[in-house]
Each structure stands twice: as structure tokens, then as C-alpha cells.
>>> print(open('protein28.txt').read())   # compact mmCIF, C-alpha atoms
# COMPACT_ATOMS: atom_id res chain seq x y z
CA MET W 159 134.08 82.16 105.24
CA SER W 160 134.27 84.61 108.08
CA GLY W 161 133.96 84.31 111.81
CA LYS W 162 136.09 82.55 114.35
CA MET W 163 138.35 79.72 113.41
CA LEU W 164 140.79 77.42 115.11
CA ILE W 165 144.54 77.59 114.86
CA ALA W 166 146.21 74.21 114.49
CA VAL W 167 149.79 73.26 115.20
CA VAL W 168 151.07 69.94 113.91
CA GLY W 169 154.42 68.57 114.97
CA ASP W 170 156.35 66.43 117.39
CA ALA W 171 155.18 66.68 121.00
CA THR W 172 158.36 68.38 122.22
CA SER W 173 158.01 71.28 119.79
CA VAL W 174 154.29 71.88 119.90
CA ALA W 175 153.37 71.22 123.56
CA GLY W 176 153.89 74.86 124.49
CA PHE W 177 151.15 76.00 122.14
CA ARG W 178 148.45 74.06 123.94
CA PRO W 179 147.97 76.45 126.88
CA LEU W 180 147.62 79.31 124.38
CA GLY W 181 144.38 77.80 123.08
CA PHE W 182 145.81 76.42 119.83
CA ASP W 183 144.56 73.11 118.46
CA VAL W 184 147.72 71.09 119.02
CA ARG W 185 148.10 67.83 117.11
CA ALA W 186 151.18 66.04 118.33
CA VAL W 187 152.49 63.35 116.02
CA GLU W 188 155.17 60.85 116.87
CA HIS W 189 156.17 60.42 113.28
CA PRO W 190 155.85 63.13 110.59
CA GLU W 191 154.02 60.68 108.30
CA GLU W 192 151.12 60.51 110.78
CA ALA W 193 150.14 64.04 109.75
CA ARG W 194 148.89 62.54 106.50
CA ASP W 195 145.88 61.08 108.33
CA LEU W 196 145.20 64.34 110.17
CA TRP W 197 145.37 66.49 107.08
CA PRO W 198 141.85 66.04 105.65
CA GLU W 199 140.37 67.19 108.93
CA LEU W 200 142.63 70.24 109.12
CA ILE W 201 141.70 71.57 105.69
CA ARG W 202 137.98 70.97 106.09
CA GLY W 203 137.30 74.58 107.03
CA ALA W 204 137.32 74.76 110.82
CA HIS W 205 140.94 75.90 110.88
CA GLY W 206 141.99 79.30 109.62
CA ALA W 207 145.69 78.77 110.08
CA VAL W 208 147.68 75.57 110.29
CA PHE W 209 151.27 75.63 111.47
CA VAL W 210 153.33 72.59 110.64
CA THR W 211 156.85 71.88 111.81
CA GLU W 212 159.56 71.41 109.24
CA PRO W 213 159.77 67.58 109.37
CA VAL W 214 155.98 67.34 109.06
CA TYR W 215 155.94 69.71 106.10
CA GLN W 216 158.62 67.71 104.36
CA ALA W 217 156.58 64.54 104.85
CA ILE W 218 153.31 65.95 103.49
CA ALA W 219 154.49 68.73 101.15
CA GLU W 220 152.41 67.50 98.22
CA MET W 221 149.21 67.40 100.33
CA VAL W 222 149.91 70.96 101.46
CA ALA W 223 150.47 72.08 97.88
CA GLU W 224 147.00 70.84 96.93
CA SER W 225 145.29 73.38 99.15
CA ALA W 226 147.68 76.22 98.24
CA ASP W 227 145.13 78.04 96.07
CA ARG W 228 142.43 78.24 98.74
CA PRO W 229 142.27 81.29 101.00
CA VAL W 230 142.06 79.14 104.14
CA PRO W 231 143.69 77.41 105.81
CA ALA W 232 146.93 79.33 105.63
CA VAL W 233 149.57 76.67 106.02
CA THR W 234 152.81 77.98 107.47
CA VAL W 235 155.99 76.12 108.22
CA ILE W 236 157.57 76.71 111.61
CA PRO W 237 160.85 75.26 112.80
CA ALA W 238 160.70 72.27 115.11
CA ALA W 239 162.82 72.09 118.23
CA GLY W 240 166.17 70.91 117.00
CA SER W 241 165.50 71.32 113.28
CA ARG W 242 167.84 73.37 111.14
CA GLY W 243 165.37 75.92 109.80
CA GLY W 244 165.16 77.09 106.22
CA VAL W 245 162.29 74.84 105.11
CA GLY W 246 159.78 77.67 105.48
CA ALA W 247 161.96 79.83 103.28
CA ALA W 248 162.17 76.97 100.78
CA LYS W 249 158.37 76.76 100.66
CA LEU W 250 158.28 80.46 99.88
CA ASP W 251 160.92 79.99 97.21
CA ARG W 252 158.60 77.51 95.57
CA ALA W 253 155.91 80.18 95.43
CA ILE W 254 158.44 82.60 93.94
CA GLU W 255 159.41 80.02 91.37
CA ARG W 256 155.78 79.56 90.50
CA ALA W 257 155.28 83.29 90.07
CA LEU W 258 158.44 84.20 88.23
CA GLY W 259 158.94 80.95 86.38
CA THR W 260 162.47 80.88 87.73
CA SER W 261 164.00 80.47 91.14
CA MET W 262 165.60 83.44 92.75
CA ALA W 263 168.64 83.15 94.99
CA SER W 264 167.78 84.12 98.57
CA GLY W 265 167.84 87.83 99.19
CA GLU W 266 168.74 88.67 95.62
CA GLU W 267 165.90 91.13 95.23
CA GLU W 268 167.00 93.08 98.27
CA SER W 269 170.26 94.14 96.71
CA MET L 151 151.57 79.81 62.85
CA PRO L 152 148.40 77.69 62.72
CA GLN L 153 145.59 79.67 61.27
CA ILE L 154 141.97 79.97 62.21
CA ARG L 155 139.59 78.26 59.80
CA ALA L 156 137.62 80.99 58.14
CA ASN L 157 136.06 81.54 54.75
CA PRO L 158 138.08 84.03 52.76
CA ASN L 159 135.51 86.76 52.38
CA ARG L 160 135.16 90.35 53.52
CA MET L 161 132.69 89.50 56.27
CA GLU L 162 135.19 87.14 57.94
CA LEU L 163 137.98 89.62 57.40
CA LEU L 164 136.07 92.33 59.26
CA LYS L 165 135.18 89.91 62.05
CA LEU L 166 138.79 88.81 62.44
CA ARG L 167 140.06 92.36 62.46
CA ARG L 168 137.66 93.20 65.26
CA ARG L 169 138.75 90.09 67.12
CA GLY L 170 142.38 91.11 66.72
CA VAL L 171 141.66 94.54 68.19
CA VAL L 172 139.89 93.01 71.21
CA ALA L 173 142.70 90.49 71.71
CA ARG L 174 145.32 93.26 71.65
CA ARG L 175 143.37 95.34 74.14
CA GLY L 176 142.92 92.30 76.42
CA HIS L 177 146.60 91.52 76.11
CA LYS L 178 147.56 95.02 77.15
CA LEU L 179 145.20 94.97 80.14
CA LEU L 180 146.42 91.58 81.30
CA LYS L 181 150.02 92.63 80.88
CA ASP L 182 149.40 95.71 83.03
CA LYS L 183 147.73 93.49 85.63
CA LEU L 184 150.72 91.14 85.57
CA ASP L 185 153.16 94.02 86.07
CA GLU L 186 151.15 95.32 89.00
CA LEU L 187 150.88 91.83 90.57
CA MET L 188 154.64 91.43 90.22
CA LYS L 189 155.28 94.74 91.92
CA GLU L 190 153.03 93.78 94.83
CA PHE L 191 154.65 90.35 95.00
CA GLN L 192 158.23 91.63 95.06
CA ALA L 193 157.42 94.15 97.77
CA ARG L 194 155.90 91.45 99.95
CA ILE L 195 158.72 88.97 99.52
CA SER L 196 161.48 90.98 101.13
CA ALA L 197 159.27 92.14 104.02
CA ASN L 198 158.27 88.54 104.60
CA ARG L 199 161.85 87.27 104.75
CA ARG L 200 162.61 89.63 107.62
CA LEU L 201 159.46 88.68 109.51
CA ARG L 202 160.15 84.98 109.09
CA ALA L 203 163.70 85.32 110.38
CA GLU L 204 162.42 87.16 113.44
CA VAL L 205 159.67 84.66 114.18
CA GLU L 206 161.98 81.68 113.74
CA ARG L 207 164.51 83.22 116.09
CA ASP L 208 161.87 83.78 118.78
CA LEU L 209 160.47 80.28 118.34
CA PHE L 210 163.89 78.74 118.77
CA ALA L 211 164.38 80.81 121.92
CA ALA L 212 161.04 79.57 123.29
CA TYR L 213 161.90 75.98 122.40
CA SER L 214 165.17 76.17 124.27
CA GLN L 215 163.37 77.56 127.32
CA PHE L 216 160.96 74.65 127.18
CA ALA L 217 163.90 72.27 126.83
CA ILE L 218 165.49 73.73 129.95
CA ALA L 219 162.18 73.48 131.81
CA ARG L 220 161.85 69.86 130.72
CA ALA L 221 165.37 69.11 131.87
CA GLU L 222 164.73 70.73 135.24
CA ALA L 223 161.31 69.33 136.01
CA GLY L 224 161.07 66.23 133.85
CA GLN L 225 158.41 65.28 131.33
CA GLY L 226 156.25 63.84 134.11
CA VAL L 227 155.69 67.29 135.57
CA LEU L 228 155.79 69.32 132.39
CA GLY L 229 153.31 67.16 130.46
CA PRO L 230 150.40 67.69 132.86
CA ALA L 231 151.40 71.35 133.37
CA LEU L 232 150.91 72.01 129.66
CA MET L 233 147.56 70.24 129.50
CA ALA L 234 144.74 72.47 128.45
CA PRO L 235 141.01 72.27 127.81
CA ALA L 236 139.65 72.01 124.26
CA PRO L 237 141.17 74.47 121.79
CA GLU L 238 139.34 77.73 121.32
CA PRO L 239 138.44 79.42 118.05
CA LEU L 240 140.75 82.37 118.56
CA LEU L 241 141.22 83.45 115.02
CA GLY L 242 139.00 86.03 113.37
CA VAL L 243 139.11 85.48 109.62
CA ARG L 244 137.91 88.00 107.04
CA GLU L 245 138.43 88.07 103.32
CA ARG L 246 140.01 90.92 101.44
CA SER L 247 140.47 91.42 97.76
CA LEU L 248 144.04 92.18 96.86
CA MET L 249 144.22 92.97 93.13
CA SER L 250 141.27 90.64 92.48
CA VAL L 251 142.90 87.88 94.55
CA THR L 252 140.93 86.88 97.62
CA VAL L 253 143.30 86.80 100.58
CA PRO L 254 142.46 86.08 104.22
CA VAL L 255 142.93 88.69 106.93
CA PHE L 256 143.55 87.33 110.40
CA THR L 257 142.83 88.94 113.73
CA LEU L 258 143.93 87.12 116.83
CA ASP L 259 141.71 87.26 119.89
CA GLU L 260 143.24 87.62 123.29
CA LEU L 261 145.04 84.43 124.20
CA PRO L 262 143.76 82.55 127.25
CA GLU L 263 145.60 83.06 130.51
CA THR L 264 148.36 80.56 130.95
CA GLY L 265 149.52 79.31 134.29
CA GLY L 266 146.93 76.82 135.46
CA TYR L 267 149.75 74.72 136.83
CA SER L 268 151.49 74.42 140.14
CA LEU L 269 154.13 77.07 140.50
CA ALA L 270 155.78 75.01 143.19
CA THR L 271 156.65 72.04 141.02
CA THR L 272 157.37 73.73 137.69
CA PRO L 273 160.50 75.75 136.98
CA ALA L 274 160.30 79.51 136.41
CA VAL L 275 161.74 79.12 132.96
CA LEU L 276 158.49 77.46 131.87
CA ASP L 277 156.62 80.69 132.57
CA ALA L 278 159.18 82.57 130.54
CA GLY L 279 158.86 80.09 127.68
CA LEU L 280 155.09 80.37 127.63
CA ALA L 281 155.27 84.15 127.81
CA ARG L 282 157.67 84.20 124.86
CA LEU L 283 155.44 81.90 122.85
CA ALA L 284 152.40 84.06 123.66
CA ALA L 285 154.39 87.12 122.57
CA VAL L 286 155.37 85.55 119.26
CA ALA L 287 151.84 84.27 118.49
CA PRO L 288 150.53 87.52 116.90
CA ARG L 289 153.57 87.72 114.65
CA LEU L 290 153.19 84.04 113.83
CA LEU L 291 149.67 84.75 112.60
CA GLU L 292 150.89 87.80 110.69
CA LEU L 293 153.46 85.57 109.03
CA ALA L 294 150.75 83.03 108.14
CA GLU L 295 148.59 85.78 106.65
CA ARG L 296 151.46 87.24 104.62
CA GLU L 297 152.73 83.92 103.35
CA LYS L 298 149.25 82.89 102.32
CA ALA L 299 148.83 86.16 100.43
CA ILE L 300 152.18 85.56 98.71
CA GLU L 301 151.16 82.03 97.72
CA LEU L 302 147.81 83.18 96.37
CA LEU L 303 149.48 86.03 94.49
CA ALA L 304 151.96 83.56 93.03
CA GLY L 305 149.08 81.42 91.74
CA GLU L 306 147.37 84.45 90.22
CA ILE L 307 150.60 85.63 88.60
CA GLU L 308 151.10 82.21 87.07
CA ARG L 309 147.57 82.16 85.65
CA THR L 310 147.80 85.72 84.36
CA ARG L 311 151.13 85.05 82.71
CA ARG L 312 149.70 82.03 80.96
CA ARG L 313 146.85 84.13 79.62
CA VAL L 314 149.22 86.88 78.48
CA ASN L 315 151.43 84.35 76.74
CA ALA L 316 148.49 82.59 75.12
CA LEU L 317 147.29 85.89 73.70
CA GLU L 318 150.73 87.11 72.71
CA TYR L 319 152.14 83.96 71.18
CA VAL L 320 149.08 82.04 69.99
CA LEU L 321 145.89 83.99 69.47
CA ILE L 322 147.20 87.32 68.17
CA PRO L 323 149.70 85.81 65.68
CA SER L 324 147.15 83.33 64.35
CA VAL L 325 144.53 86.06 63.91
CA ASP L 326 147.14 88.18 62.12
CA ALA L 327 148.19 85.27 59.92
CA THR L 328 144.57 84.50 59.02
CA ILE L 329 143.86 88.15 58.22
CA LYS L 330 146.91 88.24 55.96
CA ASP L 331 145.84 85.01 54.30
CA ILE L 332 142.30 86.21 53.65
CA GLN L 333 143.64 89.53 52.38
CA MET L 334 145.89 87.68 49.96
CA LYS L 335 143.08 85.47 48.73
CA LEU L 336 140.80 88.47 48.26
CA ASP L 337 143.56 90.30 46.36
CA GLU L 338 144.09 87.23 44.25
CA ALA L 339 140.37 87.03 43.48
CA GLU L 340 140.41 90.73 42.65
CA ARG L 341 143.33 90.28 40.25
CA SER L 342 141.82 87.27 38.53
CA ASN L 343 138.56 89.18 38.16
CA LEU L 344 140.45 92.09 36.61
CA THR L 345 142.35 89.91 34.13
CA ARG L 346 139.09 88.16 33.20
CA LEU L 347 137.45 91.50 32.52
CA MET L 348 140.43 92.63 30.45
CA LYS L 349 140.32 89.40 28.53
CA VAL L 350 136.57 89.75 27.91
CA LYS L 351 137.07 93.36 26.86
CA ASP L 352 139.78 92.25 24.41
CA MET L 353 137.52 89.52 23.04
CA ILE L 354 134.66 91.98 22.55
CA ALA L 355 137.01 94.45 20.86
CA GLN L 356 138.26 91.65 18.58
CA GLN L 357 134.71 90.65 17.66
CA GLN L 358 133.79 94.27 16.86
CA GLU L 359 136.91 94.60 14.70
CA ASN L 360 136.02 91.40 12.81
CA ALA L 361 132.44 92.61 12.28
CA GLU L 362 133.67 95.96 10.92
CA GLU L 363 136.07 94.20 8.53
CA ARG L 364 133.21 92.20 7.08
>>> encode(input="protein28.txt", output="C-alpha cells")
Amino acid sequence: MSGKMLIAVVGDATSVAGFRPLGFDVRAVEHPEEARDLWPELIRGAHGAVFVTEPVYQAIAEMVAESADRPVPAVTVIPAAGSRGGVGAAKLDRAIERALGTSMASGEEES
Amino acid sequence: MPQIRANPNRMELLKLRRRGVVARRGHKLLKDKLDELMKEFQARISANRRLRAEVERDLFAAYSQFAIARAEAGQGVLGPALMAPAPEPLLGVRERSLMSVTVPVFTLDELPETGGYSLATTPAVLDAGLARLAAVAPRLLELAEREKAIELLAGEIERTRRRVNALEYVLIPSVDATIKDIQMKLDEAERSNLTRLMKVKDMIAQQQENAEER
């Protein structure tokens, strides 16, 4: 599993269009649920990193969780244009909960 | 505590004692590993929070620049301007072992030149938006790499904790309980043997006494 891989961005067209000229594999979806059909292709091994916008992540969270224990692809939540943010942090909190067996209030460990 | 099925003899007792020693050593090793994983995990979490906040801020800034560009030029102009040829494999992926967890390491190749669109029809803010997005891309990949490492560490911590708990609360106590049980049974056998011998000795002494009396 080494060599060159693609970087995918999945989200609504308004948010993700800007990534296309940068050489990213942009998959624009009109509705977050459409990402469900794209997902098997994205985790097949051609993509090293997959960025999903917050609404898309919320729609397919359980599919994302299935591939959480594989080294690639690294699925990362990015905010969509006009979304409130915080979903990426929530995904991380889930990992913390998994590790510690308990959820930790945001920023608690920094005090 | 449920016990292990074992015949109460010295052979089994020795075997179980050895097993108990190995289990305790394994438990200690795994516990040390868990502590170290936790330390690594905690250190990564706070660094990651800062990086994520930064990246999200920059992305929002880029989005608003694109929104302004769209408002100025219209989707009809902006759509074709942002067209691009097939995506390129830009991401170098290696594997690294982080405390026996395989984590990916990303290196981003140079991004393709942007700007294959008419400068006359597109607003300047589009260039700025693209430049900002290109600037945030390396940090975006760093974030992906770090978050993946955190997720994989979390999985490993969960597995290790389960093993530690299984040893601590199931295997070691049941081995101890079985050892105690076998010990008790052996002691009991020893005592009953002793009383039998005493009884036999008494009987022999009685018989000798009777013979002497006759």
C-alpha cells in the first residue's frame, strides 16, 4: 500500500467545486444520501484520503465507521459552505470515547 | 469466579502456577502498552484540535471568496472556469508503525497550476479563493493523516484495554481460584491420608496389645 493515490472530496457542488482545479477527485452530490452509492468505490484502495463535507458525513456516518480501522483511506470531515462546523470535532470525540470508554468535554484535557 | 476444569493433582497445580505467572507478566506488559498508547493519544488530541480549528477557518474563508466570485460572475461563468481534467494521483502514501499500529504517512505532491480560465470574464476574487484553497491543502492532508492516526490509535487502545481487562478480571482470578481449590483438595487428601495412617497405626498397636495379653 504505497505509491501515489488520489484525494477525493465529496460534498455539494458549491462547497467542493474549488478543489477540482487543484487535482482532487471531486465528487459533487446533490443530496448527501447520494454519497452512499459512491462510497464503495472510494474505499476500494485508489484513494488515500477522502474528505467529506459535514452533511455528507452525517448521512453516511455508519459506512465511514466501517472502514475506520483500515490505514487508508483516511476519511476526514470538512465543513461545507454554509454548515455550522463542529461535526469533524464530533467524529473525533467518538474516537476519544472509543479509546477512553467515556466522552470527554471539549478541551478538557488542555486545562 | 468460574474455575478452570482441572484434575486436582500436583501436575495440574504446577501447570496452573506457571500459567498464572505468564498471565501476570502479559498483563503487566499490556498495561504498560496501554499507558503508553494513552499518552501518545492524549498528546495528539490537543494538537489536532488546534489544527482542525485553523483548517476550518481557512476553508470557510475560501468558501466565502468562492461565494463572492459566484455572485459576481454567475454560475454560468464559474462552472466552466473550475472545470479540470481527470484528477491526478497527488498523494504519496507510506506506512509507518506507531507503537505497533500501522498509520499512513501522507506527502502531497505539487498541486497543478490553477488558472486555465479566462481572466477577463472571471472575478479576481476567484484567484484569491483558489490560492487560499491551494494554501490550505497541505494542512488539510496533515489533518487527515493526524485524525486517521488518532482513530487507529483509539481502536488499538480499545483492543488493548479489552485484553488487559480480560486478563485482570477473568483469567488471573480464575487461575488463582483454581490453584486455591486444587491446593485445598490436595491438603484435604493429605489430611485424610494422615488420619488413615494414624488409625491404622492405632489398630496395629491394639492388635499387638491383644496378642501380648494372650
>>> interface_residues(input="protein28.txt", of="chain W", to="chain L", cutoff="7 Å", atoms="all atoms listed in the file", output="NGL selection string")
:W and (160-165 or 173 or 175-176 or 178-183 or 206-207 or 226-227 or 229-230 or 232-234 or 236-237 or 239 or 253-254 or 256-257 or 268)
>>> closest_residue(input="protein28.txt", among="L:Val286, L:Ala274, L:Val325, L:Ala316", to="L:Leu166", atoms="only C-alpha atoms")
L:Val325
>>> residues_around(input="protein28.txt", residues="stretch 211-222 of chain W", least_positions_apart="6", cutoff="6 Å", atoms="only C-alpha atoms", output="number ranges by chain")
W: 169, 190-191, 235-238
>>> atom_distance(input="protein28.txt", atom1="atom CA of L:Gln153", atom2="atom CA of L:Asp331")
8.8 Å
>>> atom_distance(input="protein28.txt", atom1="atom CA of W:Ala204", atom2="atom CA of W:Ala166")
9.6 Å
>>> atom_distance(input="protein28.txt", atom1="atom CA of W:Val167", atom2="atom CA of W:Gly203")
15.0 Å
>>> residues_around(input="protein28.txt", residues="L:Thr328", least_positions_apart="4", cutoff="10 Å", atoms="all atoms listed in the file", output="MDAnalysis selection string")
chainID L and resid 151:158 162:163 166:167 322:324 332:334
>>> closest_residue(input="protein28.txt", among="L:Ala361, L:Lys183, L:Arg282, L:Leu248", to="W:Phe177", atoms="only C-alpha atoms")
L:Arg282
>>> closest_residue(input="protein28.txt", among="W:His205, W:Ala223, W:Pro231, W:Ala171", to="W:Lys249", atoms="only C-alpha atoms")
W:Ala223
